[in-house]
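Working notes, beginning with the structure itself.
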There are 2 protein chains.
Amino acid sequence: MATLCLPYQLSPEQTEKLDTIIQRHRPLQKRDVLIENGEPLKFLYAVRSGSLKSYSLDSHGSEQIIDFHLPGDLIGFDGLIDGQHRSFTQALETTMLCEIPMQSLDQLSAELPGLRKQLLRVMSGELHASKTLLGTLNHHTAQQRLANFIMTLSNRFQQRGLSSRSFRLSMTRADIGNYLGLSVETISRILTQLQQEGVLAVQNKLVEITDPERLRALAS
Amino acid sequence: MATLCLPYQLSPEQTEKLDTIIQRHRPLQKRDVLIENGEPLKFLYAVRSGSLKSYSLDSHGSEQIIDFHLPGDLIGFDGLIDGQHRSFTQALETTMLCEIPMQSLDQLSAELPGLRKQLLRVMSGELHASKTLLGTLNHHTAQQRLANFIMTLSNRFQQRGLSSRSFRLSMTRADIGNYLGLSVETISRILTQLQQEGVLAVQNKLVEITDPERLRALAS
DNA sequence: CAGTCAGCTTGACATACATCAACGATTCGT
DNA sequence: ACGAATCGTTGATGTATGTCAAGCTGACTG
């Protein structure tokens, strides 16, 4: 089960130890809330299938989407700072999770240097991704942002052994817009535009990348 | 020395152990480059005085500022993912640093659970700050972004026991603009505007917050 | 199976900010 | 201490993207 939930390079011995602390979580339905802001951090979660979004609420109570979580992702790192989750996390579709008790994880990471490094590596990777995204959003046009978003999804699916050419956008256009700092209308317009240019084939939630090379070029 | 470089709650015993591995680094002058992209990650650095900026170069070779580092900050976490620094880091003024060998830190963190937690906490905090900033930049006007930037600096200075009311902007207007995704001209215009409204008193690099309440209101 | 509603698309118009340009103010190096 | 370069300010103009409005489509529900 550990290999399903934490698909990283660990020795068989380490995997076995991990298995003893990882639990299966009940499946979530679309719109189910996994984590509420301010909740004590008792578990990290690993996505087995499905997807989720994390968001915070600003002073006016409107959603600010921080991240989308795909199969293989770990959820909850932002709460390590003070033992409280710092955002809401909600399922975008039917979703299966593993649940990893923080306390056991901490104990185990004392014994296993490999696990310790792995955890740091995952966090470091998230940090880097987040900072890169910042740069991307700051200095790019709407088209570049969206192209970049789709490339990033494609890459993440590929890393998990799923199709990088065609996939389902489980989030709404509004979610994408919110995440990229663009309006729904702009997302919609650019998707049709990319389709007209032969870069994508879009059919509702389904996206096929018909010209990966040009998409990559647009994303830079 | 450890207390200077890593001003976190650690026991005297832990502090003493840390002291044995922390080294003083030669002072940097303005524009000196501390870290080059792709360099192997041998040390983490802690800022004792002065300030630095981290940036990456996009495909056209132009700078994307990722972060500013103030006294008390730790530099280098984004490199843990694969043992390579993922950005350039350059001094904005004369700057004093401590240098912490990664290898010793790793060994030490196996012994000291408190240190391990502290490291995770720092990274988690950075992750949270970075994701919050993302939300801020995406959904706010130029004025709100700049107000937020100045509030954030103010808070960070306060945490380090420095004045939160007046401080020096060691980075150029262009740096601020780059970081916030705005043009130099916009930064300049909004600074004069905030001054006219009596929120700030700006004199070249020196900023005094004359109406913290209104600044906070603008930043939200 | 029909009605409803959330999600998506498309068009017309408004605006915040970028860009271009010129000039003033500091800082830096010799 | 001087000249040169970098940095900062201000004004005029352009444009990408937001906002408003209307209609369309697909999905869930009773």
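Labeling convention for the structure tokens: chains A, B, ... as they appear, residues from 1 per chain, ligands from 1 in order of appearance.
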inquiry  = With only C-alpha atoms (C1' of nucleotides) as the counted atoms, please give the residues lying no more than 6 Å from Ser56 in chain B, apart from itself and same-chain residues fewer than 5 positions off, as a list in words.
reply    =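 With the cut-off at 6 Å, the set is Glu63, Gln64 and Ser87 of chain B.
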Using only all heavy atoms, please write the residues we just selected to a file, as an mmCIF file, in the first residue's frame.
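Saved file result-v1.cif follows:
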```
data_model
loop_
_atom_site.group_PDB
_atom_site.id
_atom_site.type_symbol
_atom_site.label_atom_id
_atom_site.label_comp_id
_atom_site.auth_asym_id
_atom_site.auth_seq_id
_atom_site.Cartn_x
_atom_site.Cartn_y
_atom_site.Cartn_z
ATOM 1 N N GLU B 63 15.555 38.297 -15.787
ATOM 2 C CA GLU B 63 15.468 37.988 -14.376
ATOM 3 C C GLU B 63 14.022 37.858 -13.913
ATOM 4 O O GLU B 63 13.174 38.658 -14.291
ATOM 5 C CB GLU B 63 16.136 39.167 -13.643
ATOM 6 C CG GLU B 63 16.762 38.851 -12.339
ATOM 7 C CD GLU B 63 17.559 40.069 -11.833
ATOM 8 O OE1 GLU B 63 18.594 40.397 -12.435
ATOM 9 O OE2 GLU B 63 17.097 40.687 -10.865
ATOM 10 N N GLN B 64 13.763 36.852 -13.071
ATOM 11 C CA GLN B 64 12.468 36.726 -12.408
ATOM 12 C C GLN B 64 12.738 36.663 -10.915
ATOM 13 O O GLN B 64 13.173 35.626 -10.419
ATOM 14 C CB GLN B 64 11.787 35.434 -12.813
ATOM 15 C CG GLN B 64 11.677 35.244 -14.279
ATOM 16 C CD GLN B 64 10.231 35.038 -14.701
ATOM 17 O OE1 GLN B 64 9.303 35.243 -13.912
ATOM 18 N NE2 GLN B 64 10.030 34.648 -15.923
ATOM 19 N N SER B 87 18.270 28.550 -8.189
ATOM 20 C CA SER B 87 18.144 29.973 -8.506
ATOM 21 C C SER B 87 19.461 30.675 -8.214
ATOM 22 O O SER B 87 20.391 30.079 -7.664
ATOM 23 C CB SER B 87 17.024 30.583 -7.673
ATOM 24 O OG SER B 87 17.227 30.304 -6.303
#
```
key: Residue neighbourhood DT9 in chain D, 8 Å, only C-alpha atoms (C1' of nucleotides), exclusion window fewer than 4 positions, as a list of chain:residue names   =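 My list of contacting residues is B:Glu185, B:Ser188, B:Arg189, C:DG24.
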Each range 68-118 of chain A residue no farther than 10 Å from range 91-111 of chain B, nearest pair in Å, only C-alpha atoms, as a Markdown table:
```
| residue | atom | partner | partner_atom | distance |
| --- | --- | --- | --- | --- |
| A:Ser109 | CA | B:Ala110 | CA | 8.7 |
| A:Ala110 | CA | B:Ala110 | CA | 6.1 |
| A:Glu111 | CA | B:Ala110 | CA | 8.1 |
| A:Leu112 | CA | B:Ala110 | CA | 9.0 |
| A:Pro113 | CA | B:Ala110 | CA | 7.5 |
| A:Arg116 | CA | B:Ala110 | CA | 8.9 |
| A:Lys117 | CA | B:Asp106 | CA | 8.8 |
```
Could you list, with a cut-off of 12 Å and counting only C-alpha atoms (C1' of nucleotides), the residues of chain A near chain C, each shown with its nearest atom pair and the distance in Å rounded to one decimal, rows sorted by chain and ascending number, as JSON lines?
```
{"residue": "A:His139", "atom": "CA", "partner": "C:DA18", "partner_atom": "C1'", "distance": 11.6}
{"residue": "A:Thr141", "atom": "CA", "partner": "C:DA18", "partner_atom": "C1'", "distance": 11.9}
{"residue": "A:Met171", "atom": "CA", "partner": "C:DG7", "partner_atom": "C1'", "distance": 11.0}
{"residue": "A:Thr172", "atom": "CA", "partner": "C:DG7", "partner_atom": "C1'", "distance": 7.6}
{"residue": "A:Arg173", "atom": "CA", "partner": "C:DC8", "partner_atom": "C1'", "distance": 8.0}
{"residue": "A:Ala174", "atom": "CA", "partner": "C:DG7", "partner_atom": "C1'", "distance": 8.8}
{"residue": "A:Asp175", "atom": "CA", "partner": "C:DG7", "partner_atom": "C1'", "distance": 11.2}
{"residue": "A:Val184", "atom": "CA", "partner": "C:DC8", "partner_atom": "C1'", "distance": 8.8}
{"residue": "A:Glu185", "atom": "CA", "partner": "C:DT9", "partner_atom": "C1'", "distance": 7.9}
{"residue": "A:Thr186", "atom": "CA", "partner": "C:DT9", "partner_atom": "C1'", "distance": 10.4}
{"residue": "A:Ile187", "atom": "CA", "partner": "C:DC8", "partner_atom": "C1'", "distance": 10.2}
{"residue": "A:Ser188", "atom": "CA", "partner": "C:DT9", "partner_atom": "C1'", "distance": 6.8}
{"residue": "A:Arg189", "atom": "CA", "partner": "C:DT9", "partner_atom": "C1'", "distance": 7.8}
{"residue": "A:Ile190", "atom": "CA", "partner": "C:DT9", "partner_atom": "C1'", "distance": 11.1}
{"residue": "A:Leu191", "atom": "CA", "partner": "C:DT9", "partner_atom": "C1'", "distance": 10.5}
{"residue": "A:Thr192", "atom": "CA", "partner": "C:DT9", "partner_atom": "C1'", "distance": 9.1}
{"residue": "A:Gln193", "atom": "CA", "partner": "C:DT9", "partner_atom": "C1'", "distance": 12.0}
{"residue": "A:Gln203", "atom": "CA", "partner": "C:DC8", "partner_atom": "C1'", "distance": 11.2}
{"residue": "A:Asn204", "atom": "CA", "partner": "C:DC8", "partner_atom": "C1'", "distance": 8.4}
{"residue": "A:Lys205", "atom": "CA", "partner": "C:DC8", "partner_atom": "C1'", "distance": 10.5}
```
So that I have them on file, write out the residues from the current selection with all heavy atoms, as a short mmCIF file (atom, residue, chain, number, x, y, z; two decimals), in the first residue's frame.
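That gives us again_10.cif:
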```
data_model
loop_
_atom_site.label_atom_id
_atom_site.label_comp_id
_atom_site.auth_asym_id
_atom_site.auth_seq_id
_atom_site.Cartn_x
_atom_site.Cartn_y
_atom_site.Cartn_z
N HIS A 139 4.77 37.39 -14.99
CA HIS A 139 5.38 38.01 -16.16
C HIS A 139 4.84 37.48 -17.48
O HIS A 139 5.45 37.68 -18.51
CB HIS A 139 6.90 37.79 -16.11
CG HIS A 139 7.53 38.41 -14.91
ND1 HIS A 139 7.80 39.75 -14.83
CD2 HIS A 139 7.89 37.89 -13.71
CE1 HIS A 139 8.34 40.02 -13.65
NE2 HIS A 139 8.39 38.91 -12.96
N THR A 141 1.50 36.49 -20.28
CA THR A 141 0.15 36.84 -20.73
C THR A 141 -0.81 35.71 -20.37
O THR A 141 -0.40 34.63 -19.95
CB THR A 141 0.12 37.00 -22.26
OG1 THR A 141 0.41 35.72 -22.84
CG2 THR A 141 1.15 38.01 -22.73
N MET A 171 -11.38 20.28 -12.76
CA MET A 171 -11.80 21.57 -12.18
C MET A 171 -12.60 22.37 -13.21
O MET A 171 -12.48 22.13 -14.42
CB MET A 171 -10.59 22.37 -11.71
CG MET A 171 -9.61 22.84 -12.78
SD MET A 171 -8.72 21.53 -13.68
CE MET A 171 -7.60 20.93 -12.41
N THR A 172 -13.42 23.30 -12.75
CA THR A 172 -14.21 24.13 -13.66
C THR A 172 -13.31 25.21 -14.28
O THR A 172 -12.21 25.48 -13.78
CB THR A 172 -15.37 24.83 -12.94
OG1 THR A 172 -14.82 25.79 -12.03
CG2 THR A 172 -16.23 23.84 -12.17
N ARG A 173 -13.83 25.87 -15.32
CA ARG A 173 -13.10 27.00 -15.91
C ARG A 173 -12.91 28.10 -14.88
O ARG A 173 -11.88 28.78 -14.85
CB ARG A 173 -13.89 27.56 -17.10
CG ARG A 173 -14.28 26.53 -18.13
CD ARG A 173 -13.13 26.18 -19.03
NE ARG A 173 -13.56 25.50 -20.24
CZ ARG A 173 -13.58 24.18 -20.40
NH1 ARG A 173 -13.19 23.37 -19.42
NH2 ARG A 173 -13.99 23.65 -21.55
N ALA A 174 -13.92 28.26 -14.03
CA ALA A 174 -13.83 29.28 -12.98
C ALA A 174 -12.67 28.98 -12.04
O ALA A 174 -11.92 29.88 -11.64
CB ALA A 174 -15.15 29.36 -12.20
N ASP A 175 -12.50 27.69 -11.70
CA ASP A 175 -11.39 27.29 -10.84
C ASP A 175 -10.05 27.62 -11.50
O ASP A 175 -9.14 28.15 -10.86
CB ASP A 175 -11.45 25.79 -10.55
CG ASP A 175 -12.54 25.43 -9.53
OD1 ASP A 175 -12.97 26.34 -8.79
OD2 ASP A 175 -12.94 24.26 -9.49
N VAL A 184 -13.15 33.86 -15.89
CA VAL A 184 -13.71 32.69 -16.58
C VAL A 184 -13.75 32.93 -18.08
O VAL A 184 -13.40 32.06 -18.87
CB VAL A 184 -15.16 32.43 -16.14
CG1 VAL A 184 -15.59 31.03 -16.53
CG2 VAL A 184 -15.35 32.68 -14.68
N GLU A 185 -14.21 34.11 -18.45
CA GLU A 185 -14.37 34.43 -19.87
C GLU A 185 -13.05 34.33 -20.61
O GLU A 185 -12.99 33.79 -21.73
CB GLU A 185 -14.95 35.84 -20.02
CG GLU A 185 -16.37 36.02 -19.50
CD GLU A 185 -16.41 36.47 -18.06
OE1 GLU A 185 -15.48 36.12 -17.29
OE2 GLU A 185 -17.36 37.17 -17.68
N THR A 186 -12.00 34.83 -19.99
CA THR A 186 -10.68 34.76 -20.63
C THR A 186 -10.25 33.31 -20.84
O THR A 186 -9.76 32.95 -21.91
CB THR A 186 -9.64 35.52 -19.79
OG1 THR A 186 -10.06 36.87 -19.67
CG2 THR A 186 -8.28 35.48 -20.43
N ILE A 187 -10.43 32.48 -19.82
CA ILE A 187 -10.08 31.05 -19.95
C ILE A 187 -10.82 30.46 -21.14
O ILE A 187 -10.24 29.80 -22.01
CB ILE A 187 -10.47 30.27 -18.67
CG1 ILE A 187 -9.76 30.84 -17.44
CG2 ILE A 187 -10.15 28.79 -18.83
CD1 ILE A 187 -8.28 30.71 -17.47
N SER A 188 -12.12 30.70 -21.18
CA SER A 188 -12.94 30.15 -22.24
C SER A 188 -12.45 30.62 -23.61
O SER A 188 -12.24 29.82 -24.53
CB SER A 188 -14.38 30.59 -22.02
OG SER A 188 -15.23 30.04 -22.99
N ARG A 189 -12.26 31.91 -23.75
CA ARG A 189 -11.81 32.47 -25.03
C ARG A 189 -10.49 31.87 -25.47
O ARG A 189 -10.32 31.50 -26.65
CB ARG A 189 -11.66 33.99 -24.89
CG ARG A 189 -12.93 34.76 -25.11
CD ARG A 189 -12.67 36.25 -25.15
NE ARG A 189 -13.13 36.93 -23.95
CZ ARG A 189 -14.34 37.45 -23.79
NH1 ARG A 189 -15.24 37.37 -24.75
NH2 ARG A 189 -14.69 38.04 -22.67
N ILE A 190 -9.56 31.74 -24.55
CA ILE A 190 -8.24 31.25 -24.93
C ILE A 190 -8.27 29.77 -25.28
O ILE A 190 -7.56 29.32 -26.18
CB ILE A 190 -7.22 31.56 -23.82
CG1 ILE A 190 -7.00 33.07 -23.78
CG2 ILE A 190 -5.90 30.85 -24.06
CD1 ILE A 190 -6.10 33.54 -22.68
N LEU A 191 -9.13 29.02 -24.60
CA LEU A 191 -9.26 27.61 -24.95
C LEU A 191 -9.76 27.46 -26.39
O LEU A 191 -9.23 26.65 -27.16
CB LEU A 191 -10.20 26.90 -23.97
CG LEU A 191 -9.58 26.48 -22.64
CD1 LEU A 191 -10.61 25.84 -21.73
CD2 LEU A 191 -8.41 25.52 -22.85
N THR A 192 -10.78 28.23 -26.75
CA THR A 192 -11.29 28.13 -28.13
C THR A 192 -10.22 28.61 -29.11
O THR A 192 -10.04 28.02 -30.17
CB THR A 192 -12.56 28.95 -28.33
OG1 THR A 192 -12.30 30.31 -28.02
CG2 THR A 192 -13.70 28.45 -27.47
N GLN A 193 -9.51 29.63 -28.72
CA GLN A 193 -8.45 30.17 -29.57
C GLN A 193 -7.35 29.12 -29.82
O GLN A 193 -6.94 28.90 -30.97
CB GLN A 193 -7.87 31.40 -28.89
CG GLN A 193 -6.78 32.13 -29.64
CD GLN A 193 -6.10 33.15 -28.73
OE1 GLN A 193 -6.75 33.77 -27.87
NE2 GLN A 193 -4.80 33.32 -28.89
N GLN A 203 -13.11 19.29 -25.67
CA GLN A 203 -14.51 18.91 -25.71
C GLN A 203 -14.99 18.86 -24.27
O GLN A 203 -14.73 17.89 -23.56
CB GLN A 203 -14.67 17.55 -26.39
CG GLN A 203 -16.07 17.32 -26.92
CD GLN A 203 -16.13 16.06 -27.75
OE1 GLN A 203 -15.53 15.05 -27.40
NE2 GLN A 203 -16.86 16.11 -28.86
N ASN A 204 -15.65 19.94 -23.86
CA ASN A 204 -16.06 20.07 -22.47
C ASN A 204 -14.85 19.93 -21.55
O ASN A 204 -13.91 20.71 -21.67
CB ASN A 204 -17.14 19.05 -22.12
CG ASN A 204 -18.34 19.21 -23.03
OD1 ASN A 204 -18.65 20.33 -23.42
ND2 ASN A 204 -18.99 18.12 -23.38
N LYS A 205 -14.88 18.94 -20.67
CA LYS A 205 -13.79 18.80 -19.70
C LYS A 205 -12.58 18.07 -20.30
O LYS A 205 -11.51 18.07 -19.71
CB LYS A 205 -14.29 18.01 -18.49
CG LYS A 205 -15.47 18.65 -17.78
CD LYS A 205 -15.04 19.22 -16.47
CE LYS A 205 -16.16 19.97 -15.77
NZ LYS A 205 -15.64 20.91 -14.77
#
```
Listing only residues of chain B within 6 Å of chain A, what is the closest atom pair and its distance in Å (to one decimal) for each, using only C-alpha atoms, sorted by chain and residue number ascending, as a Markdown table?
```
| residue | atom | partner | partner_atom | distance |
| --- | --- | --- | --- | --- |
| B:Gln64 | CA | A:Gly135 | CA | 5.9 |
| B:Asp78 | CA | A:Ser124 | CA | 5.0 |
| B:Leu80 | CA | A:Arg121 | CA | 5.5 |
| B:Ile81 | CA | A:Arg121 | CA | 4.1 |
| B:Arg121 | CA | A:Ile81 | CA | 4.1 |
| B:Ser124 | CA | A:Asp78 | CA | 5.0 |
| B:Gly125 | CA | A:Ile81 | CA | 5.4 |
| B:Leu127 | CA | A:Leu127 | CA | 5.3 |
| B:His128 | CA | A:Asp78 | CA | 5.4 |
| B:Leu134 | CA | A:Leu134 | CA | 6.0 |
| B:Gly135 | CA | A:Gln64 | CA | 5.9 |
| B:Asn138 | CA | A:Gly181 | CA | 4.3 |
| B:His139 | CA | A:Gly181 | CA | 5.9 |
| B:Gly181 | CA | A:Asn138 | CA | 4.3 |
```
Using only C-alpha atoms (C1' of nucleotides) and a cut-off of 10 Å, which residues of chain D sit close to chain A? Please list them as a CSV table (one decimal) with N, CA, C and O atoms (P, O5', C5', C4', C3', O3' and C1' of nucleotides), in the first residue's frame.
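Dumped to result_6.csv:
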```csv
chain,number,residue,atom,x,y,z
D,16,DA,P,-2.9,43.5,-26.9
D,16,DA,O5',-2.8,42.4,-25.7
D,16,DA,C5',-1.9,42.7,-24.6
D,16,DA,C4',-2.5,42.5,-23.3
D,16,DA,C3',-3.4,41.2,-23.2
D,16,DA,O3',-3.1,40.6,-21.9
D,16,DA,C1',-4.8,43.1,-22.7
D,17,DT,P,-3.5,39.2,-21.5
D,17,DT,O5',-4.8,39.5,-20.6
D,17,DT,C5',-4.6,40.2,-19.5
D,17,DT,C4',-6.0,40.8,-19.0
D,17,DT,C3',-7.1,39.7,-18.8
D,17,DT,O3',-7.5,39.8,-17.5
D,17,DT,C1',-7.9,41.6,-19.9
D,18,DG,P,-8.6,38.8,-16.8
D,18,DG,O5',-9.6,39.9,-16.2
D,18,DG,C5',-9.1,41.0,-15.4
D,18,DG,C4',-10.1,42.0,-15.2
D,18,DG,C3',-11.5,41.5,-14.6
D,18,DG,O3',-12.0,42.3,-13.6
D,18,DG,C1',-11.8,42.5,-16.7
D,19,DT,P,-13.3,41.9,-12.8
D,19,DT,O5',-14.5,42.6,-13.6
D,19,DT,C5',-14.5,44.0,-13.8
D,19,DT,C4',-15.7,44.4,-14.6
D,19,DT,C3',-17.0,43.7,-14.1
D,19,DT,O3',-18.0,44.7,-14.0
D,19,DT,C1',-16.8,43.4,-16.5
D,25,DT,P,-26.4,25.1,-28.2
D,25,DT,O5',-25.7,24.2,-27.1
D,25,DT,C5',-24.4,24.5,-26.6
D,25,DT,C4',-24.2,23.7,-25.4
D,25,DT,C3',-24.8,22.3,-25.4
D,25,DT,O3',-23.8,21.3,-25.3
D,25,DT,C1',-25.2,23.3,-23.3
D,26,DG,P,-24.0,19.8,-25.5
D,26,DG,O5',-23.9,19.3,-24.0
D,26,DG,C5',-22.7,19.6,-23.3
D,26,DG,C4',-23.0,19.3,-21.8
D,26,DG,C3',-23.4,17.9,-21.5
D,26,DG,O3',-22.6,17.4,-20.4
D,26,DG,C1',-24.9,19.5,-20.6
```
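Residues of range 101-172 of chain B that DSSP, applied to the backbone, places in strand (DSSP E): Pro101, Ser166, Phe167 and Arg168 of chain B.
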Expected file contents, prior selection, N, CA and C atoms, as an mmCIF file, in the first residue's frame:
```cif
data_model
loop_
_atom_site.group_PDB
_atom_site.id
_atom_site.type_symbol
_atom_site.label_atom_id
_atom_site.label_comp_id
_atom_site.auth_asym_id
_atom_site.auth_seq_id
_atom_site.Cartn_x
_atom_site.Cartn_y
_atom_site.Cartn_z
ATOM 1 N N PRO B 101 26.869 23.710 6.978
ATOM 2 C CA PRO B 101 27.121 22.579 6.080
ATOM 3 C C PRO B 101 25.933 21.620 6.086
ATOM 4 N N SER B 166 9.602 52.339 10.222
ATOM 5 C CA SER B 166 10.403 52.926 9.151
ATOM 6 C C SER B 166 11.606 52.044 8.857
ATOM 7 N N PHE B 167 11.870 51.878 7.590
ATOM 8 C CA PHE B 167 12.978 51.023 7.171
ATOM 9 C C PHE B 167 13.435 51.414 5.771
ATOM 10 N N ARG B 168 14.542 50.778 5.351
ATOM 11 C CA ARG B 168 15.142 51.060 4.064
ATOM 12 C C ARG B 168 14.745 49.988 3.069
#
```
ask   = Near Glu213 in chain B, within 10 Å and counting only C-alpha atoms (C1' of nucleotides), which residues show up once chain neighbours fewer than 5 positions away are dropped, as a list in words?
value = Val199, Leu218 and Ala219 of chain B
Based on the selection just made, write C-alpha atoms of those residues as a PDB file, in the first residue's frame.
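Saved file out_22.pdb follows:
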```pdb
ATOM      1  CA  VAL B 199      -0.149  56.581   4.274  1.00  0.00           C
ATOM      2  CA  LEU B 218      -5.301  48.766   1.604  1.00  0.00           C
ATOM      3  CA  ALA B 219      -3.258  45.568   1.761  1.00  0.00           C
TER       4      ALA B 219
END
```
message = So that I can check the surroundings of Phe157 in chain B, please list as a list in words every protein, DNA and RNA residue that reaches within 12 Å of it, counting only C-alpha atoms (C1' of nucleotides) and ignoring chain neighbours fewer than 2 positions away.
response = Ser49, Gly50, Ser51, His69, Leu70, Pro71, Gly72, Asp73, Ile150, Met151, Thr152, Leu153, Ser154, Asn155, Gln159, Arg160, Gly161, Leu162, Ser163, Ser164, Arg165, Ser166, Phe167, Arg168 and Leu169 of chain B
request  = Please provide the set of residues having any atom within 6 Å of range 33-36 of chain A, restricted to only C-alpha atoms (C1' of nucleotides), with same-chain residues fewer than 3 positions apart removed, written as a list in words.
outcome  = Glu39, Phe88, Thr89 and Gln90 of chain A
request  = Could you give me, as a VMD selection string, each residue of range 7-191 of chain A that DSSP assigns to helix (DSSP H, G or I) when run on this structure's backbone?
outcome  = chain A and resid 12 to 19 77 to 79 102 to 111 113 to 139 142 to 159 173 to 180 184 to 191
